[in-house]
file model17.cif (mmCIF, C-alpha atoms)
data_model
loop_
_atom_site.group_PDB
_atom_site.id
_atom_site.type_symbol
_atom_site.label_atom_id
_atom_site.label_comp_id
_atom_site.auth_asym_id
_atom_site.auth_seq_id
_atom_site.Cartn_x
_atom_site.Cartn_y
_atom_site.Cartn_z
ATOM 1 C CA MET A 1 -20.995 -72.093 -114.146
ATOM 2 C CA SER A 2 -21.800 -75.787 -114.463
ATOM 3 C CA ASP A 3 -18.616 -77.779 -113.715
ATOM 4 C CA ALA A 4 -19.003 -80.614 -111.237
ATOM 5 C CA ALA A 5 -16.914 -79.305 -108.321
ATOM 6 C CA PRO A 6 -16.883 -76.066 -106.321
ATOM 7 C CA GLN A 7 -14.592 -73.521 -107.939
ATOM 8 C CA PHE A 8 -13.033 -70.284 -106.764
ATOM 9 C CA GLU A 9 -11.893 -67.749 -109.297
ATOM 10 C CA GLU A 10 -10.763 -64.156 -109.250
ATOM 11 C CA ILE A 11 -13.011 -61.773 -111.149
ATOM 12 C CA LYS A 12 -12.813 -58.094 -111.958
ATOM 13 C CA ILE A 13 -15.622 -55.907 -110.650
ATOM 14 C CA PRO A 14 -15.725 -52.780 -112.843
ATOM 15 C CA LEU A 15 -15.793 -49.557 -110.858
ATOM 16 C CA PRO A 16 -18.517 -47.041 -111.748
ATOM 17 C CA ASP A 17 -16.013 -44.339 -110.696
ATOM 18 C CA ARG A 18 -12.275 -44.554 -111.397
ATOM 19 C CA LEU A 19 -10.447 -44.307 -108.064
ATOM 20 C CA HIS A 20 -6.770 -44.558 -107.116
ATOM 21 C CA ASP A 21 -5.935 -45.288 -110.785
ATOM 22 C CA LEU A 22 -8.184 -48.355 -110.583
ATOM 23 C CA ASP A 23 -10.848 -49.281 -113.121
ATOM 24 C CA ALA A 24 -11.877 -52.395 -111.162
ATOM 25 C CA VAL A 25 -11.388 -54.244 -107.900
ATOM 26 C CA THR A 26 -10.533 -57.938 -107.747
ATOM 27 C CA GLY A 27 -13.150 -60.129 -106.112
ATOM 28 C CA LEU A 28 -13.215 -63.834 -105.364
ATOM 29 C CA LEU A 29 -16.191 -65.726 -106.792
ATOM 30 C CA GLY A 30 -17.152 -69.060 -105.242
ATOM 31 C CA ILE A 31 -19.141 -71.210 -107.682
ATOM 32 C CA PRO A 32 -20.892 -74.239 -106.138
ATOM 33 C CA GLU A 33 -20.976 -77.693 -107.653
ATOM 34 C CA TRP A 34 -23.541 -77.882 -110.480
ATOM 35 C CA TRP A 35 -24.525 -74.218 -110.156
ATOM 36 C CA PRO A 36 -27.238 -73.097 -110.739
ATOM 37 C CA THR A 37 -29.250 -75.665 -108.795
ATOM 38 C CA GLY A 38 -31.291 -75.782 -105.614
ATOM 39 C CA SER A 39 -32.656 -72.555 -104.190
ATOM 40 C CA ARG A 40 -30.139 -70.426 -106.142
ATOM 41 C CA VAL A 41 -28.972 -68.442 -103.111
ATOM 42 C CA ALA A 42 -26.047 -66.013 -103.302
ATOM 43 C CA VAL A 43 -24.049 -64.254 -100.583
ATOM 44 C CA VAL A 44 -22.042 -61.088 -101.259
ATOM 45 C CA ILE A 45 -19.427 -60.020 -98.692
ATOM 46 C CA ALA A 46 -17.481 -56.754 -98.549
ATOM 47 C CA ARG A 47 -14.141 -57.315 -96.870
ATOM 48 C CA ALA A 48 -12.739 -55.462 -93.881
ATOM 49 C CA SER A 49 -9.399 -54.697 -95.566
ATOM 50 C CA GLY A 50 -7.246 -55.496 -98.552
ATOM 51 C CA GLU A 51 -5.512 -58.280 -96.655
ATOM 52 C CA ALA A 52 -6.635 -61.886 -96.396
ATOM 53 C CA ASP A 53 -9.223 -62.463 -93.662
ATOM 54 C CA PRO A 54 -9.365 -66.072 -92.399
ATOM 55 C CA MET A 55 -12.926 -65.604 -91.118
ATOM 56 C CA ILE A 56 -14.290 -64.383 -94.443
ATOM 57 C CA GLU A 57 -12.312 -67.079 -96.254
ATOM 58 C CA HIS A 58 -13.854 -69.720 -93.975
ATOM 59 C CA ILE A 59 -17.391 -68.382 -94.450
ATOM 60 C CA GLN A 60 -17.001 -68.207 -98.219
ATOM 61 C CA ARG A 61 -15.474 -71.674 -98.525
ATOM 62 C CA GLU A 62 -18.113 -73.333 -96.351
ATOM 63 C CA LEU A 63 -21.091 -71.566 -97.943
ATOM 64 C CA THR A 64 -19.867 -72.404 -101.441
ATOM 65 C CA ALA A 65 -19.537 -76.061 -100.444
ATOM 66 C CA LYS A 66 -23.201 -75.892 -99.393
ATOM 67 C CA LYS A 67 -24.390 -74.846 -102.865
ATOM 68 C CA ILE A 68 -24.432 -71.103 -102.250
ATOM 69 C CA LEU A 69 -22.894 -68.755 -104.803
ATOM 70 C CA THR A 70 -20.471 -66.415 -103.008
ATOM 71 C CA LEU A 71 -18.597 -63.248 -103.856
ATOM 72 C CA SER A 72 -16.147 -61.410 -101.597
ATOM 73 C CA PHE A 73 -14.368 -58.214 -102.573
ATOM 74 C CA PRO A 74 -12.486 -55.188 -101.195
ATOM 75 C CA MET A 75 -13.288 -51.521 -101.462
ATOM 76 C CA PRO A 76 -11.135 -49.519 -103.932
ATOM 77 C CA TYR A 77 -9.029 -47.854 -101.216
ATOM 78 C CA MET A 78 -8.278 -51.267 -99.715
ATOM 79 C CA GLN A 79 -7.046 -52.661 -103.025
ATOM 80 C CA ALA A 80 -4.954 -49.529 -103.561
ATOM 81 C CA GLY A 81 -3.337 -49.949 -100.151
ATOM 82 C CA LYS A 82 -4.732 -46.687 -98.781
ATOM 83 C CA LYS A 83 -5.594 -46.236 -95.109
ATOM 84 C CA GLY A 84 -8.430 -43.752 -95.372
ATOM 85 C CA PRO A 85 -11.771 -44.958 -96.786
ATOM 86 C CA ASP A 86 -13.244 -43.584 -99.980
ATOM 87 C CA ASP A 87 -16.302 -41.362 -100.020
ATOM 88 C CA MET A 88 -19.340 -43.457 -99.088
ATOM 89 C CA ARG A 89 -21.051 -42.601 -102.380
ATOM 90 C CA PHE A 90 -18.251 -44.300 -104.307
ATOM 91 C CA MET A 91 -18.055 -47.300 -101.974
ATOM 92 C CA LYS A 92 -21.819 -47.783 -102.172
ATOM 93 C CA ARG A 93 -21.681 -47.775 -105.963
ATOM 94 C CA THR A 94 -18.846 -50.305 -105.841
ATOM 95 C CA TYR A 95 -21.077 -52.590 -103.773
ATOM 96 C CA GLN A 96 -23.943 -52.174 -106.215
ATOM 97 C CA ALA A 97 -21.592 -53.092 -109.077
ATOM 98 C CA ALA A 98 -20.574 -56.288 -107.273
ATOM 99 C CA VAL A 99 -24.195 -57.367 -106.798
ATOM 100 C CA ALA A 100 -25.057 -56.476 -110.407
ATOM 101 C CA LEU A 101 -22.197 -58.649 -111.649
ATOM 102 C CA LEU A 102 -23.952 -61.777 -110.372
ATOM 103 C CA ALA A 103 -26.959 -61.076 -112.590
ATOM 104 C CA GLN A 104 -25.044 -60.599 -115.837
ATOM 105 C CA ASP A 105 -25.828 -64.136 -116.997
ATOM 106 C CA PRO A 106 -29.632 -64.558 -116.638
ATOM 107 C CA SER A 107 -29.360 -68.350 -116.938
ATOM 108 C CA ALA A 108 -27.108 -68.497 -113.847
ATOM 109 C CA ALA A 109 -28.387 -65.515 -111.866
ATOM 110 C CA PRO A 110 -29.269 -66.145 -108.201
ATOM 111 C CA ALA A 111 -32.903 -66.017 -107.114
ATOM 112 C CA HIS A 112 -32.092 -64.937 -103.554
ATOM 113 C CA VAL A 113 -29.270 -62.561 -102.607
ATOM 114 C CA PHE A 114 -27.947 -61.783 -99.122
ATOM 115 C CA ILE A 115 -25.458 -58.947 -98.759
ATOM 116 C CA GLY A 116 -23.139 -58.058 -95.925
ATOM 117 C CA GLY A 117 -19.620 -57.294 -94.875
ATOM 118 C CA LYS A 118 -17.174 -56.978 -92.032
ATOM 119 C CA ASN A 119 -16.153 -53.738 -90.264
ATOM 120 C CA THR A 120 -16.001 -50.998 -92.940
ATOM 121 C CA GLY A 121 -17.417 -53.530 -95.393
ATOM 122 C CA ALA A 122 -20.414 -53.916 -93.075
ATOM 123 C CA LEU A 123 -20.981 -50.163 -93.022
ATOM 124 C CA VAL A 124 -20.892 -50.008 -96.819
ATOM 125 C CA ALA A 125 -23.272 -52.977 -97.086
ATOM 126 C CA ALA A 126 -25.723 -51.207 -94.772
ATOM 127 C CA HIS A 127 -25.687 -48.167 -97.053
ATOM 128 C CA ALA A 128 -26.014 -50.335 -100.175
ATOM 129 C CA ALA A 129 -29.050 -52.078 -98.663
ATOM 130 C CA THR A 130 -30.979 -48.803 -98.779
ATOM 131 C CA THR A 131 -30.597 -48.554 -102.560
ATOM 132 C CA ARG A 132 -32.733 -50.254 -105.200
ATOM 133 C CA ILE A 133 -30.859 -53.560 -105.239
ATOM 134 C CA ARG A 134 -33.141 -56.532 -104.565
ATOM 135 C CA ILE A 135 -31.969 -58.534 -101.554
ATOM 136 C CA GLU A 136 -33.364 -60.990 -99.018
ATOM 137 C CA GLY A 137 -31.386 -59.737 -96.055
ATOM 138 C CA LEU A 138 -28.391 -57.823 -94.696
ATOM 139 C CA PHE A 139 -25.724 -59.263 -92.382
ATOM 140 C CA LEU A 140 -23.215 -57.091 -90.538
ATOM 141 C CA LEU A 141 -20.066 -58.530 -88.935
ATOM 142 C CA GLY A 142 -18.372 -56.176 -86.498
ATOM 143 C CA PHE A 143 -20.528 -53.236 -87.555
ATOM 144 C CA PRO A 144 -18.805 -49.916 -86.685
ATOM 145 C CA LEU A 145 -21.731 -48.208 -84.987
ATOM 146 C CA HIS A 146 -19.612 -45.294 -83.749
ATOM 147 C CA LYS A 147 -16.084 -43.950 -83.481
ATOM 148 C CA GLN A 148 -13.787 -45.877 -81.171
ATOM 149 C CA ASP A 149 -14.873 -45.535 -77.533
ATOM 150 C CA ASP A 150 -17.373 -42.775 -78.401
ATOM 151 C CA PRO A 151 -20.977 -44.034 -78.628
ATOM 152 C CA SER A 152 -22.411 -40.517 -78.367
ATOM 153 C CA ASP A 153 -23.035 -40.194 -82.116
ATOM 154 C CA PRO A 154 -24.035 -43.594 -83.546
ATOM 155 C CA ARG A 155 -24.105 -44.218 -87.305
ATOM 156 C CA SER A 156 -27.712 -45.351 -87.365
ATOM 157 C CA GLU A 157 -29.521 -43.484 -90.146
ATOM 158 C CA GLN A 158 -29.018 -46.224 -92.746
ATOM 159 C CA LEU A 159 -30.245 -48.859 -90.261
ATOM 160 C CA PHE A 160 -33.532 -47.015 -89.801
ATOM 161 C CA ARG A 161 -33.949 -46.827 -93.580
ATOM 162 C CA ALA A 162 -33.379 -50.555 -94.185
ATOM 163 C CA ILE A 163 -36.466 -52.654 -94.902
ATOM 164 C CA THR A 164 -34.949 -56.144 -95.124
ATOM 165 C CA PRO A 165 -34.124 -58.468 -92.208
ATOM 166 C CA MET A 166 -30.763 -57.757 -90.572
ATOM 167 C CA LEU A 167 -28.270 -59.879 -88.652
ATOM 168 C CA PHE A 168 -25.653 -58.251 -86.434
ATOM 169 C CA VAL A 169 -22.683 -60.320 -85.261
ATOM 170 C CA GLN A 170 -20.766 -58.224 -82.742
ATOM 171 C CA GLY A 171 -17.856 -58.809 -80.405
ATOM 172 C CA GLN A 172 -18.501 -58.387 -76.708
ATOM 173 C CA ARG A 173 -15.415 -56.148 -76.464
ATOM 174 C CA ASP A 174 -15.958 -54.187 -79.679
ATOM 175 C CA ARG A 175 -14.775 -50.629 -78.997
ATOM 176 C CA HIS A 176 -16.552 -49.459 -82.157
ATOM 177 C CA CYS A 177 -19.931 -50.860 -81.108
ATOM 178 C CA ASP A 178 -21.116 -50.354 -77.551
ATOM 179 C CA LEU A 179 -23.653 -53.146 -77.039
ATOM 180 C CA PRO A 180 -26.162 -51.192 -74.887
ATOM 181 C CA THR A 181 -26.109 -48.426 -77.522
ATOM 182 C CA LEU A 182 -26.593 -50.985 -80.281
ATOM 183 C CA ARG A 183 -29.521 -52.619 -78.476
ATOM 184 C CA ARG A 184 -31.200 -49.239 -77.968
ATOM 185 C CA THR A 185 -30.673 -48.463 -81.641
ATOM 186 C CA LEU A 186 -32.059 -51.806 -82.796
ATOM 187 C CA SER A 187 -35.156 -51.362 -80.625
ATOM 188 C CA ARG A 188 -36.063 -48.430 -82.882
ATOM 189 C CA VAL A 189 -35.368 -50.194 -86.190
ATOM 190 C CA GLY A 190 -38.489 -51.102 -88.151
ATOM 191 C CA ALA A 191 -37.036 -54.098 -90.018
ATOM 192 C CA PRO A 192 -36.639 -57.511 -88.336
ATOM 193 C CA VAL A 193 -33.284 -57.651 -86.529
ATOM 194 C CA GLN A 194 -31.257 -60.390 -84.876
ATOM 195 C CA LEU A 195 -28.159 -59.892 -82.714
ATOM 196 C CA HIS A 196 -25.486 -62.498 -82.057
ATOM 197 C CA VAL A 197 -22.770 -61.537 -79.568
ATOM 198 C CA VAL A 198 -19.424 -63.354 -79.686
ATOM 199 C CA ASP A 199 -18.087 -63.629 -76.136
ATOM 200 C CA GLU A 200 -14.820 -61.770 -75.484
ATOM 201 C CA ALA A 201 -14.379 -60.868 -79.165
ATOM 202 C CA ASP A 202 -13.092 -57.481 -80.335
ATOM 203 C CA HIS A 203 -14.000 -55.356 -83.361
ATOM 204 C CA GLN A 204 -12.281 -57.837 -85.689
ATOM 205 C CA LEU A 205 -14.160 -60.687 -83.971
ATOM 206 C CA ARG A 206 -10.903 -62.001 -82.544
ATOM 207 C CA VAL A 207 -10.755 -63.461 -79.042
ATOM 208 C CA PRO A 208 -7.815 -63.348 -76.611
ATOM 209 C CA LYS A 209 -5.755 -66.461 -75.925
ATOM 210 C CA ARG A 210 -7.100 -66.603 -72.385
ATOM 211 C CA SER A 211 -10.548 -67.420 -73.797
ATOM 212 C CA GLY A 212 -9.307 -70.897 -74.662
ATOM 213 C CA ARG A 213 -10.914 -70.705 -78.099
ATOM 214 C CA LYS A 214 -9.162 -70.815 -81.445
ATOM 215 C CA SER A 215 -9.927 -68.477 -84.329
ATOM 216 C CA GLU A 216 -11.326 -71.426 -86.284
ATOM 217 C CA GLN A 217 -13.916 -71.999 -83.558
ATOM 218 C CA VAL A 218 -14.976 -68.364 -83.635
ATOM 219 C CA SER A 219 -15.289 -68.477 -87.431
ATOM 220 C CA ALA A 220 -17.456 -71.590 -87.115
ATOM 221 C CA GLU A 221 -19.674 -69.800 -84.563
ATOM 222 C CA VAL A 222 -20.124 -66.802 -86.853
ATOM 223 C CA LEU A 223 -20.884 -69.072 -89.807
ATOM 224 C CA ALA A 224 -23.491 -70.995 -87.797
ATOM 225 C CA ALA A 225 -25.190 -67.736 -86.783
ATOM 226 C CA LEU A 226 -25.225 -66.582 -90.405
ATOM 227 C CA GLU A 227 -26.560 -69.874 -91.764
ATOM 228 C CA GLY A 228 -29.284 -70.121 -89.144
ATOM 229 C CA TRP A 229 -30.432 -66.578 -89.836
ATOM 230 C CA MET A 230 -30.439 -67.114 -93.608
ATOM 231 C CA LYS A 231 -32.540 -70.247 -93.278
ATOM 232 C CA LYS A 232 -34.951 -68.458 -90.975
ATOM 233 C CA THR A 233 -35.193 -65.519 -93.394
ATOM 234 C CA LEU A 234 -35.909 -67.829 -96.330
ATOM 235 C CA GLY A 235 -38.428 -69.773 -94.308
ATOM 236 C CA GLY A 236 -36.334 -72.921 -94.324
ATOM 237 C CA ALA A 237 -36.288 -73.059 -98.126
ATOM 238 C CA SER A 238 -32.499 -72.855 -98.439
#
call {"tool": "encode", "arguments": {"input": "model17.cif", "output": "structure tokens"}}
result
Amino acid sequence: MSDAAPQFEEIKIPLPDRLHDLDAVTGLLGIPEWWPTGSRVAVVIARASGEADPMIEHIQRELTAKKILTLSFPMPYMQAGKKGPDDMRFMKRTYQAAVALLAQDPSAAPAHVFIGGKNTGALVAAHAATTRIRIEGLFLLGFPLHKQDDPSDPRSEQLFRAITPMLFVQGQRDRHCDLPTLRRTLSRVGAPVQLHVVDEADHQLRVPKRSGRKSEQVSAEVLAALEGWMKKTLGGAS
């Protein structure tokens, strides 16, 4: 991990539980120039689906260029092309395996790790954050707080159990996350929380054409929110 230019390479993340005839999922590792140097910060991102996501690609590319080690990866069912998610126990263990992979080489292991994800990936990250993995903070992009258009039974238990700082980036029109319900939920969370709302965005953090904004601008807004929160969480040390 010491070549002189940022590199992106596919890596296999071994699965603790064989699923869908898979022994591993394929992640993308972003290795910064001259890694490990600086504050040795890493960001782990669980994807929203098995397909390419321009927003996650943008975040990973930009963070890696700024000397942050990055890893993005899908859940097993996503890689297998299945529609229904795996049991949360298996997805949580997959996330733990991804984080553990970064520490395999002690000489290049990160000192500070932030974990997060988008949509289903965000839900899995929230569950993983309540395990024994050592992290600085949890970021959730388009967190699915409840079933579509039904905020009566929010998925909030894992949020109350989290002890690290959390960042929520939610779309104003997210049908899986009613903002008043989210704000009431966050008011009861013990850990430090920060909420960034993307105007007119949906659950995928996409905005309609009438907004006059391009997807690249929305990705830049989400990245800026994430970077600002990370710096605040690290006390400006990053």
call {"tool": "closest_residue", "arguments": {"input": "model17.cif", "among": "A:Ala111, A:Leu28, A:Ala125, A:Ile59", "to": "Leu71 (chain A)", "atoms": "all atoms listed in the file"}}
result
A:Leu28
call {"tool": "residues_around", "arguments": {"input": "model17.cif", "residues": "Ser72 (chain A)", "least_positions_apart": "5", "cutoff": "6 Å", "atoms": "all atoms listed in the file", "output": "list in words"}}
result
Gly27, Leu28, Val44, Ile45 and Ala46 of chain A
call {"tool": "resolve_selection", "arguments": {"input": "model17.cif", "expression": "the PyMOL selection byres ((chain A and resi 77) around 10)", "output": "PyMOL selection string"}}
result
chain A and resi 19-20+22+25+49-50+74-76+78-87+91
call {"tool": "resolve_selection", "arguments": {"input": "model17.cif", "expression": "the PyMOL selection byres ((chain A and resi 215-229) around 9)", "output": "list in words"}}
result
Pro54, Met55, Ile56, His58, Ile59, Glu62, Leu63, Phe139, Leu141, Met166, Leu167, Val169, Gln194, His196, Val198, Ala201, Leu205, Arg206, Val207, Arg213, Lys214, Met230, Lys231, Lys232, Thr233 and Leu234 of chain A
call {"tool": "resolve_selection", "arguments": {"input": "model17.cif", "expression": "the PyMOL selection byres ((chain A and resi 142) around 7)", "output": "VMD selection string"}}
result
chain A and resid 118 to 119 140 to 141 143 to 144 169 to 171 203 to 205
call {"tool": "atom_distance", "arguments": {"input": "model17.cif", "atom1": "CA of Leu195 (chain A)", "atom2": "CA of Asp174 (chain A)"}}
result
13.8 Å
call {"tool": "axis_aligned_box", "arguments": {"input": "model17.cif", "around": "region 10-22 of chain A", "padding_each_side": "8 Å", "output": "lines of an AutoDock Vina configuration file"}}
result
center_x = -12.2
center_y = -54.2
center_z = -110.0
size_x = 28.6
size_y = 35.8
size_z = 21.7
call {"tool": "closest_residue", "arguments": {"input": "model17.cif", "among": "A:Pro14, A:Gly235, A:Cys177, A:Thr26", "to": "Asp150 (chain A)", "atoms": "all atoms listed in the file"}}
result
A:Cys177
call {"tool": "residues_around", "arguments": {"input": "model17.cif", "residues": "Gly30 (chain A)", "least_positions_apart": "5", "cutoff": "12 Å", "atoms": "all atoms listed in the file", "output": "count of residues only"}}
result
31
call {"tool": "atom_distance", "arguments": {"input": "model17.cif", "atom1": "CA of Asp53 (chain A)", "atom2": "CA of Thr37 (chain A)"}}
result
28.4 Å
call {"tool": "closest_residue", "arguments": {"input": "model17.cif", "among": "A:Gly38, A:Pro154, A:Pro16, A:Gly212", "to": "Arg184 (chain A)", "atoms": "all atoms listed in the file"}}
result
A:Pro154
call {"tool": "closest_residue", "arguments": {"input": "model17.cif", "among": "A:Val197, A:Pro192, A:Pro165, A:Leu29", "to": "Pro180 (chain A)", "atoms": "only C-alpha atoms"}}
result
A:Val197
call {"tool": "atom_distance", "arguments": {"input": "model17.cif", "atom1": "CA of Phe168 (chain A)", "atom2": "CA of Gln96 (chain A)"}}
result
20.8 Å
call {"tool": "residues_near_point", "arguments": {"input": "model17.cif", "point": "(-24.8, -47.1, -94.5)", "cutoff": "10 Å", "atoms": "only C-alpha atoms", "output": "PyMOL selection string"}}
result
chain A and resi 88-89+92+120-130+155-162
call {"tool": "residues_around", "arguments": {"input": "model17.cif", "residues": "Asp178 (chain A)", "least_positions_apart": "2", "cutoff": "8 Å", "atoms": "only C-alpha atoms", "output": "PyMOL selection string"}}
result
chain A and resi 145+149+151+174-176+180-182
call {"tool": "decode", "arguments": {"input": "model17.cif", "residues": "region 87-148 of chain A", "atoms": "C-alpha atoms", "output": "PDB file, in the first residue's frame"}}
result
ATOM      1  CA  ASP A  87     -31.110 -12.094   7.199  1.00  0.00           C
ATOM      2  CA  MET A  88     -29.710  -9.132   9.135  1.00  0.00           C
ATOM      3  CA  ARG A  89     -27.443 -11.419  11.168  1.00  0.00           C
ATOM      4  CA  PHE A  90     -25.632 -12.482   8.000  1.00  0.00           C
ATOM      5  CA  MET A  91     -25.458  -8.964   6.557  1.00  0.00           C
ATOM      6  CA  LYS A  92     -24.090  -7.616   9.834  1.00  0.00           C
ATOM      7  CA  ARG A  93     -21.366 -10.257   9.853  1.00  0.00           C
ATOM      8  CA  THR A  94     -20.524  -9.379   6.251  1.00  0.00           C
ATOM      9  CA  TYR A  95     -20.026  -5.765   7.329  1.00  0.00           C
ATOM     10  CA  GLN A  96     -17.816  -6.823  10.219  1.00  0.00           C
ATOM     11  CA  ALA A  97     -15.714  -8.901   7.805  1.00  0.00           C
ATOM     12  CA  ALA A  98     -15.229  -5.871   5.549  1.00  0.00           C
ATOM     13  CA  VAL A  99     -14.005  -3.712   8.436  1.00  0.00           C
ATOM     14  CA  ALA A 100     -11.736  -6.502   9.714  1.00  0.00           C
ATOM     15  CA  LEU A 101     -10.135  -6.802   6.280  1.00  0.00           C
ATOM     16  CA  LEU A 102      -8.636  -3.318   6.620  1.00  0.00           C
ATOM     17  CA  ALA A 103      -6.738  -4.368   9.742  1.00  0.00           C
ATOM     18  CA  GLN A 104      -5.143  -7.497   8.291  1.00  0.00           C
ATOM     19  CA  ASP A 105      -1.842  -5.710   7.668  1.00  0.00           C
ATOM     20  CA  PRO A 106      -0.909  -4.009  10.986  1.00  0.00           C
ATOM     21  CA  SER A 107       1.672  -1.793   9.262  1.00  0.00           C
ATOM     22  CA  ALA A 108      -1.034  -0.278   7.018  1.00  0.00           C
ATOM     23  CA  ALA A 109      -4.075  -0.498   9.287  1.00  0.00           C
ATOM     24  CA  PRO A 110      -6.128   2.698   9.714  1.00  0.00           C
ATOM     25  CA  ALA A 111      -6.118   4.482  13.063  1.00  0.00           C
ATOM     26  CA  HIS A 112      -9.601   5.952  12.608  1.00  0.00           C
ATOM     27  CA  VAL A 113     -12.498   4.156  10.909  1.00  0.00           C
ATOM     28  CA  PHE A 114     -15.857   5.616   9.867  1.00  0.00           C
ATOM     29  CA  ILE A 115     -18.543   3.219   8.676  1.00  0.00           C
ATOM     30  CA  GLY A 116     -21.741   3.853   6.787  1.00  0.00           C
ATOM     31  CA  GLY A 117     -23.852   2.977   3.812  1.00  0.00           C
ATOM     32  CA  LYS A 118     -26.719   3.955   1.581  1.00  0.00           C
ATOM     33  CA  ASN A 119     -30.331   2.708   1.845  1.00  0.00           C
ATOM     34  CA  THR A 120     -30.172  -0.980   2.880  1.00  0.00           C
ATOM     35  CA  GLY A 121     -26.420  -0.546   3.281  1.00  0.00           C
ATOM     36  CA  ALA A 122     -27.132   2.222   5.798  1.00  0.00           C
ATOM     37  CA  LEU A 123     -29.436  -0.046   7.788  1.00  0.00           C
ATOM     38  CA  VAL A 124     -26.790  -2.772   7.910  1.00  0.00           C
ATOM     39  CA  ALA A 125     -24.116  -0.257   8.943  1.00  0.00           C
ATOM     40  CA  ALA A 126     -26.340   0.916  11.803  1.00  0.00           C
ATOM     41  CA  HIS A 127     -26.633  -2.664  13.048  1.00  0.00           C
ATOM     42  CA  ALA A 128     -22.890  -3.266  12.615  1.00  0.00           C
ATOM     43  CA  ALA A 129     -22.138  -0.140  14.666  1.00  0.00           C
ATOM     44  CA  THR A 130     -23.682  -1.785  17.728  1.00  0.00           C
ATOM     45  CA  THR A 131     -21.178  -4.654  17.617  1.00  0.00           C
ATOM     46  CA  ARG A 132     -17.648  -4.675  19.012  1.00  0.00           C
ATOM     47  CA  ILE A 133     -15.958  -3.099  15.996  1.00  0.00           C
ATOM     48  CA  ARG A 134     -13.991   0.033  16.904  1.00  0.00           C
ATOM     49  CA  ILE A 135     -15.188   3.051  14.929  1.00  0.00           C
ATOM     50  CA  GLU A 136     -15.123   6.841  15.153  1.00  0.00           C
ATOM     51  CA  GLY A 137     -18.566   7.426  13.714  1.00  0.00           C
ATOM     52  CA  LEU A 138     -21.510   6.164  11.660  1.00  0.00           C
ATOM     53  CA  PHE A 139     -22.922   7.873   8.558  1.00  0.00           C
ATOM     54  CA  LEU A 140     -26.267   6.921   7.033  1.00  0.00           C
ATOM     55  CA  LEU A 141     -27.279   7.994   3.514  1.00  0.00           C
ATOM     56  CA  GLY A 142     -30.974   7.581   2.788  1.00  0.00           C
ATOM     57  CA  PHE A 143     -31.562   5.583   5.962  1.00  0.00           C
ATOM     58  CA  PRO A 144     -34.741   3.452   5.646  1.00  0.00           C
ATOM     59  CA  LEU A 145     -36.360   4.391   8.941  1.00  0.00           C
ATOM     60  CA  HIS A 146     -39.643   2.656   8.089  1.00  0.00           C
ATOM     61  CA  LYS A 147     -41.557   0.859   5.363  1.00  0.00           C
ATOM     62  CA  GLN A 148     -42.565   3.001   2.409  1.00  0.00           C
TER      63      GLN A 148
END
